[in-house]
>>> print(open('upload36.cif').read())   # mmCIF, N, CA and C atoms
data_query
#
loop_
_atom_site.label_atom_id
_atom_site.label_comp_id
_atom_site.auth_asym_id
_atom_site.auth_seq_id
_atom_site.Cartn_x
_atom_site.Cartn_y
_atom_site.Cartn_z
N MET A 7 119.45 90.78 119.85
CA MET A 7 118.36 91.53 119.25
C MET A 7 117.23 90.56 118.91
N ALA A 8 116.05 90.84 119.37
CA ALA A 8 114.91 89.96 119.11
C ALA A 8 114.26 90.33 117.78
N GLN A 9 113.88 89.31 117.04
CA GLN A 9 113.19 89.57 115.78
C GLN A 9 111.71 89.83 116.04
N GLN A 10 111.10 90.56 115.14
CA GLN A 10 109.67 90.82 115.26
C GLN A 10 108.90 89.71 114.58
N GLN A 11 107.69 89.46 115.06
CA GLN A 11 106.87 88.39 114.53
C GLN A 11 106.54 88.59 113.04
N THR A 12 106.55 89.83 112.56
CA THR A 12 106.15 90.10 111.18
C THR A 12 107.34 90.21 110.23
N ASP A 13 108.54 89.97 110.69
CA ASP A 13 109.71 90.07 109.84
C ASP A 13 109.63 89.02 108.72
N PRO A 14 109.89 89.40 107.46
CA PRO A 14 109.79 88.43 106.35
C PRO A 14 110.72 87.22 106.53
N PHE A 15 111.90 87.42 107.09
CA PHE A 15 112.81 86.31 107.32
C PHE A 15 112.20 85.32 108.32
N VAL A 16 111.64 85.85 109.39
CA VAL A 16 111.03 84.98 110.41
C VAL A 16 109.82 84.26 109.82
N GLU A 17 109.03 84.97 109.02
CA GLU A 17 107.89 84.34 108.36
C GLU A 17 108.36 83.18 107.48
N ALA A 18 109.43 83.42 106.71
CA ALA A 18 109.97 82.36 105.85
C ALA A 18 110.51 81.21 106.69
N PHE A 19 111.18 81.52 107.79
CA PHE A 19 111.72 80.50 108.68
C PHE A 19 110.61 79.59 109.20
N ARG A 20 109.47 80.17 109.48
CA ARG A 20 108.34 79.41 110.03
C ARG A 20 107.44 78.81 108.96
N GLY A 21 107.82 79.00 107.70
CA GLY A 21 107.00 78.50 106.59
C GLY A 21 107.09 76.99 106.42
N ARG A 22 106.58 76.54 105.33
CA ARG A 22 106.53 75.10 105.02
C ARG A 22 107.88 74.66 104.44
N PHE A 23 108.37 73.52 104.94
CA PHE A 23 109.65 72.99 104.48
C PHE A 23 109.52 71.52 104.14
N HIS A 24 110.39 71.07 103.24
CA HIS A 24 110.46 69.67 102.83
C HIS A 24 111.73 69.08 103.42
N ASN A 25 111.59 67.91 104.01
CA ASN A 25 112.73 67.23 104.61
C ASN A 25 113.54 66.53 103.52
N VAL A 26 114.84 66.73 103.55
CA VAL A 26 115.74 66.02 102.66
C VAL A 26 116.06 64.69 103.35
N LEU A 27 115.32 63.66 102.99
CA LEU A 27 115.40 62.39 103.70
C LEU A 27 116.60 61.53 103.32
N ARG A 28 116.96 61.54 102.05
CA ARG A 28 118.03 60.65 101.59
C ARG A 28 119.27 61.46 101.20
N TRP A 29 120.43 60.83 101.34
CA TRP A 29 121.68 61.50 100.96
C TRP A 29 121.68 61.87 99.49
N GLU A 30 121.04 61.06 98.64
CA GLU A 30 120.97 61.37 97.22
C GLU A 30 120.18 62.66 96.99
N GLN A 31 119.13 62.87 97.80
CA GLN A 31 118.35 64.11 97.71
C GLN A 31 119.22 65.30 98.12
N LEU A 32 120.05 65.11 99.13
CA LEU A 32 120.95 66.19 99.56
C LEU A 32 121.93 66.52 98.45
N ASP A 33 122.51 65.51 97.81
CA ASP A 33 123.42 65.75 96.69
C ASP A 33 122.73 66.55 95.58
N HIS A 34 121.48 66.20 95.30
CA HIS A 34 120.72 66.91 94.27
C HIS A 34 120.47 68.37 94.68
N LEU A 35 120.10 68.57 95.93
CA LEU A 35 119.89 69.93 96.44
C LEU A 35 121.17 70.74 96.35
N TRP A 36 122.28 70.14 96.75
CA TRP A 36 123.58 70.84 96.67
C TRP A 36 123.91 71.21 95.23
N GLU A 37 123.63 70.33 94.28
CA GLU A 37 123.86 70.64 92.86
C GLU A 37 123.06 71.86 92.43
N ILE A 38 121.80 71.91 92.82
CA ILE A 38 120.95 73.05 92.48
C ILE A 38 121.51 74.33 93.09
N LEU A 39 121.91 74.26 94.36
CA LEU A 39 122.46 75.44 95.03
C LEU A 39 123.78 75.88 94.40
N GLN A 40 124.61 74.94 94.00
CA GLN A 40 125.87 75.29 93.35
C GLN A 40 125.63 76.01 92.03
N LEU A 41 124.64 75.56 91.27
CA LEU A 41 124.31 76.23 90.01
C LEU A 41 123.76 77.63 90.24
N ASP A 42 123.14 77.84 91.39
CA ASP A 42 122.53 79.13 91.73
C ASP A 42 123.42 79.97 92.65
N ALA A 43 124.66 79.56 92.82
CA ALA A 43 125.54 80.13 93.85
C ALA A 43 125.76 81.63 93.73
N GLY A 44 125.75 82.19 92.56
CA GLY A 44 126.02 83.61 92.39
C GLY A 44 124.80 84.50 92.50
N ASN A 45 123.70 83.97 92.98
CA ASN A 45 122.44 84.72 92.96
C ASN A 45 121.97 85.19 94.33
N GLY A 46 122.90 85.69 95.13
CA GLY A 46 122.52 86.38 96.36
C GLY A 46 122.18 85.51 97.54
N TRP A 47 122.97 84.49 97.82
CA TRP A 47 122.74 83.63 98.97
C TRP A 47 123.45 84.16 100.21
N TYR A 48 122.74 84.10 101.33
CA TYR A 48 123.29 84.42 102.63
C TYR A 48 123.52 83.11 103.38
N ILE A 49 124.61 83.04 104.13
CA ILE A 49 124.84 81.91 105.03
C ILE A 49 124.85 82.47 106.44
N TYR A 50 123.93 81.99 107.25
CA TYR A 50 123.81 82.46 108.63
C TYR A 50 124.10 81.29 109.57
N ALA A 51 125.16 81.41 110.34
CA ALA A 51 125.49 80.43 111.39
C ALA A 51 124.81 80.92 112.66
N ILE A 52 123.81 80.18 113.11
CA ILE A 52 123.07 80.57 114.31
C ILE A 52 124.05 80.67 115.48
N GLY A 53 123.96 81.76 116.23
CA GLY A 53 124.88 82.01 117.33
C GLY A 53 125.94 83.03 116.96
N GLU A 54 126.09 83.29 115.67
CA GLU A 54 126.98 84.34 115.17
C GLU A 54 126.11 85.50 114.71
N GLN A 55 126.73 86.61 114.40
CA GLN A 55 125.98 87.75 113.87
C GLN A 55 125.46 87.40 112.48
N PRO A 56 124.22 87.77 112.17
CA PRO A 56 123.72 87.53 110.82
C PRO A 56 124.55 88.31 109.80
N PRO A 57 124.79 87.74 108.64
CA PRO A 57 125.58 88.44 107.62
C PRO A 57 124.80 89.61 107.04
N ALA A 58 125.52 90.66 106.70
CA ALA A 58 124.91 91.84 106.11
C ALA A 58 124.86 91.75 104.59
N GLU A 59 125.71 90.89 104.03
CA GLU A 59 125.81 90.77 102.58
C GLU A 59 125.74 89.31 102.17
N PRO A 60 125.27 89.05 100.96
CA PRO A 60 125.33 87.67 100.45
C PRO A 60 126.79 87.22 100.30
N VAL A 61 127.00 85.93 100.33
CA VAL A 61 128.35 85.39 100.15
C VAL A 61 128.67 85.27 98.66
N SER A 62 129.95 85.16 98.37
CA SER A 62 130.36 84.94 96.98
C SER A 62 129.96 83.54 96.54
N ALA A 63 129.90 83.35 95.26
CA ALA A 63 129.57 82.02 94.72
C ALA A 63 130.61 81.00 95.18
N ASP A 64 131.89 81.40 95.20
CA ASP A 64 132.94 80.48 95.64
C ASP A 64 132.76 80.08 97.09
N LEU A 65 132.42 81.05 97.96
CA LEU A 65 132.25 80.73 99.37
C LEU A 65 131.04 79.81 99.57
N LEU A 66 129.96 80.04 98.84
CA LEU A 66 128.81 79.15 98.97
C LEU A 66 129.18 77.74 98.55
N ARG A 67 129.89 77.61 97.45
CA ARG A 67 130.30 76.27 96.98
C ARG A 67 131.22 75.59 98.00
N THR A 68 132.15 76.35 98.57
CA THR A 68 133.04 75.80 99.60
C THR A 68 132.23 75.36 100.81
N PHE A 69 131.29 76.21 101.24
CA PHE A 69 130.44 75.87 102.38
C PHE A 69 129.68 74.58 102.11
N LEU A 70 129.08 74.45 100.94
CA LEU A 70 128.30 73.25 100.62
C LEU A 70 129.16 72.00 100.66
N SER A 71 130.37 72.10 100.16
CA SER A 71 131.28 70.95 100.19
C SER A 71 131.64 70.59 101.63
N GLU A 72 132.01 71.60 102.41
CA GLU A 72 132.45 71.34 103.80
C GLU A 72 131.29 70.90 104.69
N ILE A 73 130.13 71.54 104.56
CA ILE A 73 129.00 71.16 105.40
C ILE A 73 128.51 69.77 105.01
N GLY A 74 128.60 69.43 103.74
CA GLY A 74 128.23 68.09 103.31
C GLY A 74 129.10 67.04 103.99
N GLN A 75 130.40 67.29 104.06
CA GLN A 75 131.31 66.37 104.74
C GLN A 75 130.99 66.30 106.23
N LEU A 76 130.75 67.47 106.84
CA LEU A 76 130.45 67.52 108.26
C LEU A 76 129.17 66.75 108.57
N LEU A 77 128.15 66.91 107.75
CA LEU A 77 126.88 66.22 107.97
C LEU A 77 127.04 64.71 107.85
N ARG A 78 127.73 64.26 106.83
CA ARG A 78 127.90 62.82 106.63
C ARG A 78 128.74 62.19 107.74
N LYS A 79 129.75 62.90 108.19
CA LYS A 79 130.60 62.39 109.26
C LYS A 79 129.87 62.42 110.60
N GLY A 80 129.17 63.52 110.88
CA GLY A 80 128.51 63.70 112.17
C GLY A 80 127.18 62.99 112.29
N HIS A 81 126.56 62.66 111.16
CA HIS A 81 125.26 61.99 111.16
C HIS A 81 125.41 60.67 110.42
N ALA A 82 126.11 59.74 111.04
CA ALA A 82 126.48 58.48 110.41
C ALA A 82 125.28 57.53 110.33
N GLU A 83 124.31 57.94 109.56
CA GLU A 83 123.10 57.13 109.34
C GLU A 83 123.00 56.86 107.84
N ASP A 84 122.14 55.94 107.45
CA ASP A 84 121.95 55.68 106.03
C ASP A 84 120.90 56.61 105.42
N TYR A 85 120.47 57.58 106.17
CA TYR A 85 119.53 58.60 105.70
C TYR A 85 120.04 59.96 106.16
N CYS A 86 119.57 61.02 105.52
CA CYS A 86 119.95 62.38 105.89
C CYS A 86 119.01 62.87 106.97
N GLY A 87 117.88 63.47 106.59
CA GLY A 87 116.85 63.85 107.54
C GLY A 87 117.16 65.05 108.42
N ILE A 88 118.26 65.76 108.20
CA ILE A 88 118.60 66.91 109.05
C ILE A 88 118.76 68.20 108.25
N VAL A 89 118.30 68.16 107.00
CA VAL A 89 118.29 69.35 106.14
C VAL A 89 116.86 69.52 105.63
N TYR A 90 116.41 70.76 105.64
CA TYR A 90 115.05 71.08 105.20
C TYR A 90 115.12 72.25 104.23
N ALA A 91 114.34 72.20 103.16
CA ALA A 91 114.32 73.28 102.17
C ALA A 91 112.88 73.67 101.89
N ASP A 92 112.69 74.95 101.58
CA ASP A 92 111.34 75.41 101.24
C ASP A 92 110.87 74.80 99.93
N SER A 93 111.82 74.44 99.06
CA SER A 93 111.54 73.73 97.81
C SER A 93 112.75 72.88 97.49
N LEU A 94 112.53 71.66 97.06
CA LEU A 94 113.65 70.80 96.71
C LEU A 94 114.16 71.05 95.29
N GLU A 95 113.37 71.76 94.48
CA GLU A 95 113.78 72.04 93.10
C GLU A 95 114.17 73.50 92.87
N THR A 96 113.53 74.43 93.57
CA THR A 96 113.87 75.85 93.44
C THR A 96 113.98 76.47 94.84
N PRO A 97 114.97 76.04 95.60
CA PRO A 97 115.08 76.50 96.99
C PRO A 97 115.45 77.99 97.08
N ALA A 98 114.92 78.62 98.12
CA ALA A 98 115.29 79.98 98.46
C ALA A 98 115.61 80.08 99.96
N PHE A 99 115.34 79.00 100.70
CA PHE A 99 115.56 78.98 102.15
C PHE A 99 115.84 77.53 102.56
N VAL A 100 116.98 77.32 103.21
CA VAL A 100 117.41 75.97 103.60
C VAL A 100 117.84 76.01 105.06
N LYS A 101 117.34 75.07 105.85
CA LYS A 101 117.74 74.91 107.25
C LYS A 101 118.62 73.67 107.35
N ILE A 102 119.76 73.83 107.99
CA ILE A 102 120.70 72.72 108.17
C ILE A 102 120.91 72.53 109.67
N PHE A 103 120.52 71.38 110.17
CA PHE A 103 120.67 71.11 111.59
C PHE A 103 122.03 70.48 111.87
N ASP A 104 122.64 70.89 112.97
CA ASP A 104 123.95 70.40 113.37
C ASP A 104 123.79 68.97 113.88
N PRO A 105 124.49 68.00 113.28
CA PRO A 105 124.33 66.61 113.72
C PRO A 105 124.78 66.37 115.16
N ASN A 106 125.58 67.27 115.71
CA ASN A 106 126.02 67.12 117.09
C ASN A 106 125.11 67.84 118.07
N ASN A 107 124.04 68.45 117.58
CA ASN A 107 123.13 69.20 118.45
C ASN A 107 121.72 69.14 117.86
N LEU A 108 121.21 67.93 117.70
CA LEU A 108 119.93 67.77 117.00
C LEU A 108 118.71 68.10 117.84
N GLY A 109 118.64 67.63 119.06
CA GLY A 109 117.41 67.83 119.81
C GLY A 109 116.26 67.27 118.99
N VAL A 110 115.16 68.00 118.91
CA VAL A 110 114.02 67.60 118.10
C VAL A 110 113.94 68.56 116.94
N SER A 111 114.25 68.08 115.74
CA SER A 111 114.27 68.96 114.57
C SER A 111 113.04 68.83 113.70
N CYS A 112 112.10 67.99 114.10
CA CYS A 112 110.88 67.85 113.31
C CYS A 112 109.68 68.19 114.16
N GLY A 113 108.54 68.24 113.53
CA GLY A 113 107.32 68.57 114.26
C GLY A 113 106.99 70.05 114.12
N PHE A 114 105.89 70.45 114.73
CA PHE A 114 105.43 71.83 114.64
C PHE A 114 105.43 72.44 116.02
N SER A 115 105.80 73.71 116.06
CA SER A 115 105.82 74.43 117.33
C SER A 115 105.77 75.92 117.02
N GLU A 116 105.24 76.69 117.96
CA GLU A 116 105.29 78.14 117.82
C GLU A 116 106.72 78.64 117.91
N ASN A 117 107.57 77.89 118.59
CA ASN A 117 108.99 78.20 118.72
C ASN A 117 109.80 77.01 118.21
N PRO A 118 109.91 76.87 116.89
CA PRO A 118 110.62 75.71 116.36
C PRO A 118 112.09 75.73 116.77
N PRO A 119 112.70 74.56 116.87
CA PRO A 119 114.12 74.51 117.23
C PRO A 119 114.95 75.19 116.15
N LEU A 120 116.05 75.75 116.56
CA LEU A 120 116.90 76.44 115.61
C LEU A 120 117.90 75.49 114.96
N PRO A 121 118.09 75.64 113.67
CA PRO A 121 119.12 74.86 112.99
C PRO A 121 120.50 75.41 113.34
N GLY A 122 121.52 74.75 112.88
CA GLY A 122 122.88 75.26 113.05
C GLY A 122 123.21 76.33 112.03
N TRP A 123 122.67 76.17 110.81
CA TRP A 123 122.94 77.10 109.72
C TRP A 123 121.69 77.29 108.89
N ILE A 124 121.59 78.48 108.32
CA ILE A 124 120.50 78.80 107.40
C ILE A 124 121.11 79.37 106.13
N LEU A 125 120.66 78.87 105.00
CA LEU A 125 120.98 79.45 103.70
C LEU A 125 119.70 80.13 103.23
N SER A 126 119.80 81.39 102.82
CA SER A 126 118.59 82.05 102.34
C SER A 126 118.94 83.11 101.31
N LYS A 127 117.94 83.43 100.52
CA LYS A 127 118.10 84.49 99.53
C LYS A 127 117.62 85.83 100.08
N MET A 128 117.20 85.84 101.32
CA MET A 128 116.81 87.10 101.95
C MET A 128 117.74 87.37 103.12
N PRO A 129 117.99 88.64 103.41
CA PRO A 129 118.89 88.95 104.52
C PRO A 129 118.34 88.40 105.84
N PRO A 130 119.16 87.64 106.56
CA PRO A 130 118.69 87.08 107.83
C PRO A 130 118.64 88.12 108.94
N VAL A 131 117.80 87.85 109.91
CA VAL A 131 117.77 88.64 111.14
C VAL A 131 118.25 87.73 112.25
N GLU A 132 118.75 88.33 113.31
CA GLU A 132 119.25 87.54 114.43
C GLU A 132 118.11 86.74 115.04
N MET A 133 118.36 85.47 115.20
CA MET A 133 117.38 84.58 115.80
C MET A 133 117.64 84.51 117.29
N ASP A 134 116.58 84.59 118.08
CA ASP A 134 116.72 84.48 119.53
C ASP A 134 117.26 83.10 119.86
N THR A 135 118.32 83.07 120.60
CA THR A 135 118.88 81.80 121.02
C THR A 135 119.58 81.97 122.35
N THR A 136 119.39 80.99 123.19
CA THR A 136 120.14 80.97 124.44
C THR A 136 121.30 79.99 124.31
N ALA A 137 121.28 79.24 123.22
CA ALA A 137 122.36 78.27 123.00
C ALA A 137 123.62 79.01 122.54
N VAL A 138 124.73 78.56 123.03
CA VAL A 138 126.01 79.11 122.63
C VAL A 138 126.60 78.20 121.57
N LEU A 139 127.11 78.80 120.50
CA LEU A 139 127.74 78.01 119.45
C LEU A 139 128.98 77.35 120.03
N PRO A 140 129.07 76.01 119.97
CA PRO A 140 130.24 75.32 120.54
C PRO A 140 131.54 75.81 119.91
N GLY A 141 132.62 75.76 120.69
CA GLY A 141 133.92 76.25 120.23
C GLY A 141 134.39 75.59 118.95
N ASN A 142 134.18 74.26 118.82
CA ASN A 142 134.63 73.59 117.60
C ASN A 142 133.86 74.08 116.38
N ARG A 143 132.57 74.41 116.54
CA ARG A 143 131.79 74.94 115.42
C ARG A 143 132.20 76.37 115.10
N LYS A 144 132.51 77.16 116.13
CA LYS A 144 133.00 78.52 115.88
C LYS A 144 134.30 78.48 115.09
N ARG A 145 135.22 77.60 115.50
CA ARG A 145 136.51 77.49 114.80
C ARG A 145 136.28 77.03 113.36
N TRP A 146 135.39 76.05 113.16
CA TRP A 146 135.11 75.56 111.82
C TRP A 146 134.56 76.69 110.95
N TRP A 147 133.61 77.43 111.50
CA TRP A 147 132.97 78.53 110.77
C TRP A 147 133.98 79.62 110.43
N ARG A 148 134.79 80.01 111.38
CA ARG A 148 135.76 81.09 111.16
C ARG A 148 136.86 80.65 110.19
N ARG A 149 137.25 79.38 110.24
CA ARG A 149 138.22 78.88 109.28
C ARG A 149 137.63 78.94 107.87
N LEU A 150 136.36 78.57 107.76
CA LEU A 150 135.69 78.60 106.46
C LEU A 150 135.64 80.02 105.91
N LEU A 151 135.38 80.98 106.78
CA LEU A 151 135.30 82.38 106.35
C LEU A 151 136.67 83.02 106.17
N GLY A 152 137.72 82.34 106.63
CA GLY A 152 139.06 82.90 106.52
C GLY A 152 139.33 83.99 107.52
N SER A 153 138.61 83.96 108.66
CA SER A 153 138.83 85.01 109.67
C SER A 153 139.37 84.43 110.95
#
>>> encode(input="upload36.cif", output="structure tokens")
Amino acid sequence: MAQQQTDPFVEAFRGRFHNVLRWEQLDHLWEILQLDAGNGWYIYAIGEQPPAEPVSADLLRTFLSEIGQLLRKGHAEDYCGIVYADSLETPAFVKIFDPNNLGVSCGFSENPPLPGWILSKMPPVEMDTTAVLPGNRKRWWRRLLGS
């Protein structure tokens, strides 16, 4: 299903984002998200169906812990640079790029590259993608969801 150009989720996706450059900044962002976990967060794994409901606070906290480990293991650099948030202090939209499928995650484009996961406070719409979610990421995601 293709999203419309005027969809609020797509508008937010194309909005201004701040790069989480250092691992310490990521830890701080995760702390903020954990404190806000019960306030209607959606987790959208690109390549899967967008969720219809926000996740539980426990599932968001589990996701943050697991994705943090995955990012540090898969992006073995002394900097982060693969997470972007609309605000580093009061986030409502976070893009997380898969360290095993980075391509070009910075810069400006009418068709920006898709992250691996999106955290948002608004219901996501299906993002157009020709990329197939790799089997290991599907298994990781489904294990996390308990399905």
>>> resolve_selection(input="upload36.cif", expression="the PyMOL selection byres (((chain A and resi 55 and name CA) around 10) and name CA)", output="list in words")
Tyr50, Ala51, Ile52, Gly53, Glu54, Pro56, Pro57, Ala58, Pro130, Val131, Glu132 and Met133 of chain A
>>> resolve_selection(input="upload36.cif", expression="the PyMOL selection byres (((chain A and resi 20-26 and name CA) around 8) and name CA)", output="PyMOL selection string")
chain A and resi 16-19+27-29+31-32+86-94+118
>>> atom_distance(input="upload36.cif", atom1="CA of Leu35 (chain A)", atom2="CA of Ala82 (chain A)")
19.2 Å
>>> resolve_selection(input="upload36.cif", expression="the PyMOL selection byres ((chain A and resi 121-124) around 6.5)", output="list of chain:residue names")
A:Tyr48, A:Ile49, A:Tyr50, A:Ala51, A:Ile52, A:Val100, A:Lys101, A:Ile102, A:Phe103, A:Asp104, A:Pro119, A:Leu120, A:Leu125, A:Ser126
>>> atom_distance(input="upload36.cif", atom1="CA of Pro97 (chain A)", atom2="CA of Ser71 (chain A)")
17.4 Å
>>> select_by_dssp(input="upload36.cif", residues="region 24-124 of chain A", states="strand (DSSP E or B)", output="PyMOL selection string")
chain A and resi 24-25+48-52+54+89-91+99-102+123-124
>>> write_last_selection(input="upload36.cif", atoms="N, CA and C atoms", output="PDB file, in the frame of the given file")
ATOM      1  N   HIS A  24     110.390  71.070 103.240  1.00  0.00           N
ATOM      2  CA  HIS A  24     110.460  69.670 102.830  1.00  0.00           C
ATOM      3  C   HIS A  24     111.730  69.080 103.420  1.00  0.00           C
ATOM      4  N   ASN A  25     111.590  67.910 104.010  1.00  0.00           N
ATOM      5  CA  ASN A  25     112.730  67.230 104.610  1.00  0.00           C
ATOM      6  C   ASN A  25     113.540  66.530 103.520  1.00  0.00           C
ATOM      7  N   TYR A  48     122.740  84.100 101.330  1.00  0.00           N
ATOM      8  CA  TYR A  48     123.290  84.420 102.630  1.00  0.00           C
ATOM      9  C   TYR A  48     123.520  83.110 103.380  1.00  0.00           C
ATOM     10  N   ILE A  49     124.610  83.040 104.130  1.00  0.00           N
ATOM     11  CA  ILE A  49     124.840  81.910 105.030  1.00  0.00           C
ATOM     12  C   ILE A  49     124.850  82.470 106.440  1.00  0.00           C
ATOM     13  N   TYR A  50     123.930  81.990 107.250  1.00  0.00           N
ATOM     14  CA  TYR A  50     123.810  82.460 108.630  1.00  0.00           C
ATOM     15  C   TYR A  50     124.100  81.290 109.570  1.00  0.00           C
ATOM     16  N   ALA A  51     125.160  81.410 110.340  1.00  0.00           N
ATOM     17  CA  ALA A  51     125.490  80.430 111.390  1.00  0.00           C
ATOM     18  C   ALA A  51     124.810  80.920 112.660  1.00  0.00           C
ATOM     19  N   ILE A  52     123.810  80.180 113.110  1.00  0.00           N
ATOM     20  CA  ILE A  52     123.070  80.570 114.310  1.00  0.00           C
ATOM     21  C   ILE A  52     124.050  80.670 115.480  1.00  0.00           C
ATOM     22  N   GLU A  54     126.090  83.290 115.670  1.00  0.00           N
ATOM     23  CA  GLU A  54     126.980  84.340 115.170  1.00  0.00           C
ATOM     24  C   GLU A  54     126.110  85.500 114.710  1.00  0.00           C
ATOM     25  N   VAL A  89     118.300  68.160 107.000  1.00  0.00           N
ATOM     26  CA  VAL A  89     118.290  69.350 106.140  1.00  0.00           C
ATOM     27  C   VAL A  89     116.860  69.520 105.630  1.00  0.00           C
ATOM     28  N   TYR A  90     116.410  70.760 105.640  1.00  0.00           N
ATOM     29  CA  TYR A  90     115.050  71.080 105.200  1.00  0.00           C
ATOM     30  C   TYR A  90     115.120  72.250 104.230  1.00  0.00           C
ATOM     31  N   ALA A  91     114.340  72.200 103.160  1.00  0.00           N
ATOM     32  CA  ALA A  91     114.320  73.280 102.170  1.00  0.00           C
ATOM     33  C   ALA A  91     112.880  73.670 101.890  1.00  0.00           C
ATOM     34  N   PHE A  99     115.340  79.000 100.700  1.00  0.00           N
ATOM     35  CA  PHE A  99     115.560  78.980 102.150  1.00  0.00           C
ATOM     36  C   PHE A  99     115.840  77.530 102.560  1.00  0.00           C
ATOM     37  N   VAL A 100     116.980  77.320 103.210  1.00  0.00           N
ATOM     38  CA  VAL A 100     117.410  75.970 103.600  1.00  0.00           C
ATOM     39  C   VAL A 100     117.840  76.010 105.060  1.00  0.00           C
ATOM     40  N   LYS A 101     117.340  75.070 105.850  1.00  0.00           N
ATOM     41  CA  LYS A 101     117.740  74.910 107.250  1.00  0.00           C
ATOM     42  C   LYS A 101     118.620  73.670 107.350  1.00  0.00           C
ATOM     43  N   ILE A 102     119.760  73.830 107.990  1.00  0.00           N
ATOM     44  CA  ILE A 102     120.700  72.720 108.170  1.00  0.00           C
ATOM     45  C   ILE A 102     120.910  72.530 109.670  1.00  0.00           C
ATOM     46  N   TRP A 123     122.670  76.170 110.810  1.00  0.00           N
ATOM     47  CA  TRP A 123     122.940  77.100 109.720  1.00  0.00           C
ATOM     48  C   TRP A 123     121.690  77.290 108.890  1.00  0.00           C
ATOM     49  N   ILE A 124     121.590  78.480 108.320  1.00  0.00           N
ATOM     50  CA  ILE A 124     120.500  78.800 107.400  1.00  0.00           C
ATOM     51  C   ILE A 124     121.110  79.370 106.130  1.00  0.00           C
TER      52      ILE A 124
END
>>> closest_residue(input="upload36.cif", among="A:Ile73, A:Met128, A:Leu66, A:Val61", to="Leu39 (chain A)", atoms="all atoms listed in the file")
A:Leu66
>>> closest_residue(input="upload36.cif", among="A:Phe69, A:Thr12, A:Glu59, A:Asp64", to="Trp36 (chain A)", atoms="only C-alpha atoms")
A:Phe69
>>> atom_distance(input="upload36.cif", atom1="atom C of Pro105 (chain A)", atom2="CA of Asp134 (chain A)")
20.3 Å
>>> axis_aligned_box(input="upload36.cif", around="region 88-102 of chain A", padding_each_side="8 Å", output="AutoDock Vina command-line options")
--center_x 115.9 --center_y 72.9 --center_z 101.3 --size_x 26.0 --size_y 30.3 --size_z 32.8
>>> closest_residue(input="upload36.cif", among="A:Lys79, A:His34, A:Leu70, A:Pro14", to="Glu95 (chain A)", atoms="all atoms listed in the file")
A:His34
>>> decode(input="upload36.cif", residues="region 14-51 of chain A", atoms="C-alpha atoms", output="JSON list (two decimals), in the first residue's frame")
[["chain", "number", "residue", "atom", "x", "y", "z"],
["A", 14, "PRO", "CA", 0.86, 13.12, 8.75],
["A", 15, "PHE", "CA", 3.14, 10.13, 9.38],
["A", 16, "VAL", "CA", 4.94, 10.65, 6.07],
["A", 17, "GLU", "CA", 5.21, 14.38, 6.78],
["A", 18, "ALA", "CA", 6.77, 13.59, 10.17],
["A", 19, "PHE", "CA", 9.09, 11.02, 8.57],
["A", 20, "ARG", "CA", 10.35, 13.68, 6.17],
["A", 21, "GLY", "CA", 10.67, 16.31, 8.89],
["A", 22, "ARG", "CA", 13.77, 17.60, 10.63],
["A", 23, "PHE", "CA", 15.79, 15.10, 12.66],
["A", 24, "HIS", "CA", 18.80, 15.25, 14.96],
["A", 25, "ASN", "CA", 21.52, 12.65, 14.61],
["A", 26, "VAL", "CA", 22.41, 10.73, 17.75],
["A", 27, "LEU", "CA", 26.17, 10.91, 17.20],
["A", 28, "ARG", "CA", 27.56, 9.43, 20.41],
["A", 29, "TRP", "CA", 26.66, 6.27, 22.30],
["A", 30, "GLU", "CA", 26.16, 8.39, 25.44],
["A", 31, "GLN", "CA", 23.52, 10.40, 23.55],
["A", 32, "LEU", "CA", 21.79, 7.15, 22.60],
["A", 33, "ASP", "CA", 21.77, 6.02, 26.24],
["A", 34, "HIS", "CA", 20.21, 9.36, 27.19],
["A", 35, "LEU", "CA", 17.58, 9.06, 24.46],
["A", 36, "TRP", "CA", 16.75, 5.51, 25.57],
["A", 37, "GLU", "CA", 16.33, 6.75, 29.17],
["A", 38, "ILE", "CA", 13.86, 9.40, 28.00],
["A", 39, "LEU", "CA", 11.93, 6.84, 25.94],
["A", 40, "GLN", "CA", 11.84, 4.38, 28.84],
["A", 41, "LEU", "CA", 10.36, 7.04, 31.11],
["A", 42, "ASP", "CA", 7.76, 7.80, 28.42],
["A", 43, "ALA", "CA", 7.15, 4.13, 27.55],
["A", 44, "GLY", "CA", 3.48, 4.01, 28.54],
["A", 45, "ASN", "CA", 2.45, 6.99, 26.44],
["A", 46, "GLY", "CA", 1.37, 5.47, 23.15],
["A", 47, "TRP", "CA", 4.50, 4.46, 21.28],
["A", 48, "TYR", "CA", 4.33, 2.46, 18.06],
["A", 49, "ILE", "CA", 7.22, 0.30, 16.87],
["A", 50, "TYR", "CA", 7.26, -0.20, 13.12],
["A", 51, "ALA", "CA", 9.72, -2.67, 11.58]]
